[in-house]
Amino acid sequence: MFSSLMPQRKEFYELLAAHSDRVVAGANATLRLVNSLGLGSQDTAALVSEVNTNEKSADKIKAELITLLHKSFTTPINRDQIHTLTIELDNVVNALQDVANAVGMYSIKESTPEARELASLGADACMRLNRAVMALPHKNRNDETINLCKEIDAIESQADRVQRKAIGQLFEGACTIWWAMKMREFYSLQENVLDRCEDAAKTIEEILIENT
């Protein structure tokens, strides 16, 4: 019975890695979705469904990890930090789902260069977040993990600049007010993906500092 209260270290790390895998899968599906708008090359509904499927899968992993936390007597790193990182990874997937669902909600039929760039930056940040989570159990990879977190922060700053430029162009051009308003919201949802990645990266940095 006592052994059941002391799961192997790898159980927590494996679940965190699985959770971050769903982040990457959701980001890649969102990127394909945004890039395909207006081209008719891929089924928009199928891509939105793919993002939603990854969100549901991430929810199951989150629930499994939180259950493991509740029943475990010891954890490989601070219990609260594991919980925080789990929630923040889930927030990234939820933000990606918001972007995907907004395509239908706002009837966005065509993409823009800025939307495609934001989607690409989101996928890049999610890929680095996944790599940082995968490296977390390995103390000899701490420098690599820190660098990945710094790269995520830099990508988020770049996304801020892209968003500001994109919104400014909306209200300078000849587009309708309705188009400008819905694209402003769409860009905001896309940038929120980067914000959530940055939150998770900061927690990973805190975990490394506390466990060095």
# chains A, B, ... in the order shown; residues from 1 in each chain; ligands from 1
$ closest_atom_pairs --of "range 51-101 of chain A" --to "range 193-200 of chain A" --cutoff "8 Å" --atoms "only C-alpha atoms" --output "CSV"
residue,atom,partner,partner_atom,distance
A:Leu85,CA,A:Ala200,CA,6.0
A:Glu88,CA,A:Ala200,CA,5.4
A:Leu89,CA,A:Ala200,CA,6.4
A:Asn91,CA,A:Arg196,CA,6.3
A:Val92,CA,A:Arg196,CA,5.3
A:Ala95,CA,A:Val193,CA,5.3
A:Leu96,CA,A:Val193,CA,6.2
$ write_last_selection --atoms "N, CA, C and O atoms" --output "compact mmCIF listing (two decimals), in the first residue's frame"
# COMPACT_ATOMS: atom_id res chain seq x y z
N LEU A 85 2.31 23.93 -13.50
CA LEU A 85 2.76 23.65 -14.86
C LEU A 85 1.70 22.87 -15.63
O LEU A 85 1.46 23.14 -16.82
N GLU A 88 -0.94 25.33 -16.64
CA GLU A 88 -0.45 26.25 -17.67
C GLU A 88 -0.32 25.57 -19.03
O GLU A 88 -0.61 26.19 -20.07
N LEU A 89 0.09 24.31 -19.05
CA LEU A 89 0.11 23.57 -20.31
C LEU A 89 -1.31 23.45 -20.86
O LEU A 89 -1.55 23.59 -22.06
N ASN A 91 -3.70 25.52 -20.31
CA ASN A 91 -4.10 26.85 -20.77
C ASN A 91 -3.63 27.11 -22.20
O ASN A 91 -4.32 27.78 -22.97
N VAL A 92 -2.45 26.58 -22.55
CA VAL A 92 -1.96 26.74 -23.91
C VAL A 92 -2.88 26.02 -24.89
O VAL A 92 -3.28 26.57 -25.92
N ALA A 95 -6.07 27.87 -25.28
CA ALA A 95 -5.89 29.07 -26.11
C ALA A 95 -5.86 28.70 -27.59
O ALA A 95 -6.42 29.42 -28.43
N LEU A 96 -5.22 27.58 -27.92
CA LEU A 96 -5.21 27.10 -29.31
C LEU A 96 -6.62 26.74 -29.76
O LEU A 96 -7.02 27.04 -30.90
$ residues_around --residues "Ile207 in chain A" --least-positions-apart "3" --cutoff "10 Å" --atoms "only C-alpha atoms" --output "JSON, numbers by chain"
{"A": [77, 78, 81, 82, 85, 136, 201, 202, 203, 204, 210, 211, 212]}
$ write_last_selection --atoms "C-alpha atoms" --output "PDB file, in the first residue's frame"
ATOM      1  CA  ILE A  77       9.625  18.330  -7.657  1.00  0.00           C
ATOM      2  CA  ASN A  78       7.493  20.775  -5.704  1.00  0.00           C
ATOM      3  CA  GLN A  81       4.822  23.626  -9.236  1.00  0.00           C
ATOM      4  CA  ILE A  82       3.741  20.382 -10.883  1.00  0.00           C
ATOM      5  CA  LEU A  85       2.762  23.650 -14.861  1.00  0.00           C
ATOM      6  CA  LEU A 136      13.045  18.891 -17.248  1.00  0.00           C
ATOM      7  CA  ALA A 201       8.169  28.724 -19.534  1.00  0.00           C
ATOM      8  CA  LYS A 202       8.466  30.974 -16.452  1.00  0.00           C
ATOM      9  CA  THR A 203       7.215  28.149 -14.238  1.00  0.00           C
ATOM     10  CA  ILE A 204       9.791  25.789 -15.745  1.00  0.00           C
ATOM     11  CA  GLU A 210      14.428  25.802  -6.938  1.00  0.00           C
ATOM     12  CA  ASN A 211      15.960  22.437  -7.767  1.00  0.00           C
ATOM     13  CA  THR A 212      19.475  23.563  -8.673  1.00  0.00           C
TER      14      THR A 212
END
$ closest_atom_pairs --of "range 21-62 of chain A" --to "range 104-119 of chain A" --cutoff "6 Å" --atoms "only C-alpha atoms" --output "tab-separated table"
residue	atom	partner	partner_atom	distance
A:Leu31	CA	A:Ala119	CA	5.1
A:Asn35	CA	A:Arg116	CA	5.8
A:Leu37	CA	A:Glu110	CA	4.7
A:Gly38	CA	A:Glu110	CA	4.2
$ residues_around --residues "Leu47 in chain A" --least-positions-apart "2" --cutoff "8 Å" --atoms "only C-alpha atoms" --output "PyMOL selection string"
chain A and resi 29-30+32-33+42-45+49-51
$ residues_around --residues "Arg184 in chain A" --least-positions-apart "3" --cutoff "9 Å" --atoms "only C-alpha atoms" --output "ChimeraX atom specification"
/A:163,166-167,170,179-181,187-189
$ write_last_selection --atoms "N, CA, C and O atoms" --output "CSV table (one decimal), in the first residue's frame"
chain,number,residue,atom,x,y,z
A,163,GLN,N,1.5,41.5,-33.6
A,163,GLN,CA,0.1,41.9,-33.3
A,163,GLN,C,-0.2,43.4,-33.4
A,163,GLN,O,-1.2,43.8,-34.0
A,166,ALA,N,-0.2,44.4,-37.0
A,166,ALA,CA,-1.4,43.9,-37.7
A,166,ALA,C,-2.6,44.7,-37.4
A,166,ALA,O,-3.4,45.0,-38.3
A,167,ILE,N,-2.8,45.0,-36.1
A,167,ILE,CA,-4.0,45.8,-35.7
A,167,ILE,C,-3.9,47.2,-36.3
A,167,ILE,O,-4.9,47.7,-36.7
A,170,LEU,N,-5.1,47.2,-39.8
A,170,LEU,CA,-6.5,47.0,-40.0
A,170,LEU,C,-7.3,48.3,-40.0
A,170,LEU,O,-8.2,48.4,-40.8
A,179,TRP,N,-14.8,43.6,-40.4
A,179,TRP,CA,-13.6,42.8,-40.7
A,179,TRP,C,-12.5,43.2,-39.7
A,179,TRP,O,-11.8,42.4,-39.1
A,180,ALA,N,-12.3,44.5,-39.5
A,180,ALA,CA,-11.3,45.0,-38.6
A,180,ALA,C,-11.5,44.5,-37.2
A,180,ALA,O,-10.6,44.1,-36.5
A,181,MET,N,-12.8,44.6,-36.7
A,181,MET,CA,-13.1,44.2,-35.4
A,181,MET,C,-12.9,42.7,-35.2
A,181,MET,O,-12.3,42.3,-34.1
A,187,TYR,N,-6.5,38.2,-33.9
A,187,TYR,CA,-5.1,38.4,-33.6
A,187,TYR,C,-4.8,38.3,-32.1
A,187,TYR,O,-3.8,37.7,-31.6
A,188,SER,N,-5.8,38.8,-31.3
A,188,SER,CA,-5.6,38.8,-29.8
A,188,SER,C,-5.6,37.4,-29.3
A,188,SER,O,-4.9,37.0,-28.4
A,189,LEU,N,-6.5,36.5,-29.8
A,189,LEU,CA,-6.6,35.1,-29.5
A,189,LEU,C,-5.3,34.4,-29.8
A,189,LEU,O,-4.8,33.6,-29.1
$ closest_residue --among "A:Ala135, A:Leu39, A:Val103, A:Leu121" --to "Glu156 in chain A" --atoms "only C-alpha atoms"
A:Leu121
$ closest_atom_pairs --of "range 101-201 of chain A" --to "range 17-20 of chain A" --cutoff "9 Å" --atoms "only C-alpha atoms" --output "JSON lines"
{"residue": "A:Cys126", "atom": "CA", "partner": "A:Ser20", "partner_atom": "CA", "distance": 8.0}
{"residue": "A:Met127", "atom": "CA", "partner": "A:Ser20", "partner_atom": "CA", "distance": 8.7}
{"residue": "A:Leu129", "atom": "CA", "partner": "A:Ser20", "partner_atom": "CA", "distance": 7.3}
{"residue": "A:Asn130", "atom": "CA", "partner": "A:Ser20", "partner_atom": "CA", "distance": 5.1}
{"residue": "A:Arg131", "atom": "CA", "partner": "A:Ser20", "partner_atom": "CA", "distance": 8.6}
{"residue": "A:Val133", "atom": "CA", "partner": "A:Ala17", "partner_atom": "CA", "distance": 6.0}
{"residue": "A:Met134", "atom": "CA", "partner": "A:Ala17", "partner_atom": "CA", "distance": 5.7}
$ write_last_selection --atoms "C-alpha atoms" --output "mmCIF file, in the first residue's frame"
data_model
loop_
_atom_site.group_PDB
_atom_site.id
_atom_site.type_symbol
_atom_site.label_atom_id
_atom_site.label_comp_id
_atom_site.auth_asym_id
_atom_site.auth_seq_id
_atom_site.Cartn_x
_atom_site.Cartn_y
_atom_site.Cartn_z
ATOM 1 C CA CYS A 126 4.900 25.278 -28.401
ATOM 2 C CA MET A 127 7.645 23.130 -29.909
ATOM 3 C CA LEU A 129 7.912 24.356 -24.635
ATOM 4 C CA ASN A 130 7.611 20.651 -25.403
ATOM 5 C CA ARG A 131 11.391 20.318 -25.599
ATOM 6 C CA VAL A 133 9.302 19.841 -20.571
ATOM 7 C CA MET A 134 11.044 16.784 -22.037
#
$ select_by_dssp --residues "range 7-163 of chain A" --states "alpha helix (DSSP H)" --output "PyMOL selection string"
chain A and resi 9-36+44-71+79-105+113-135+142-163
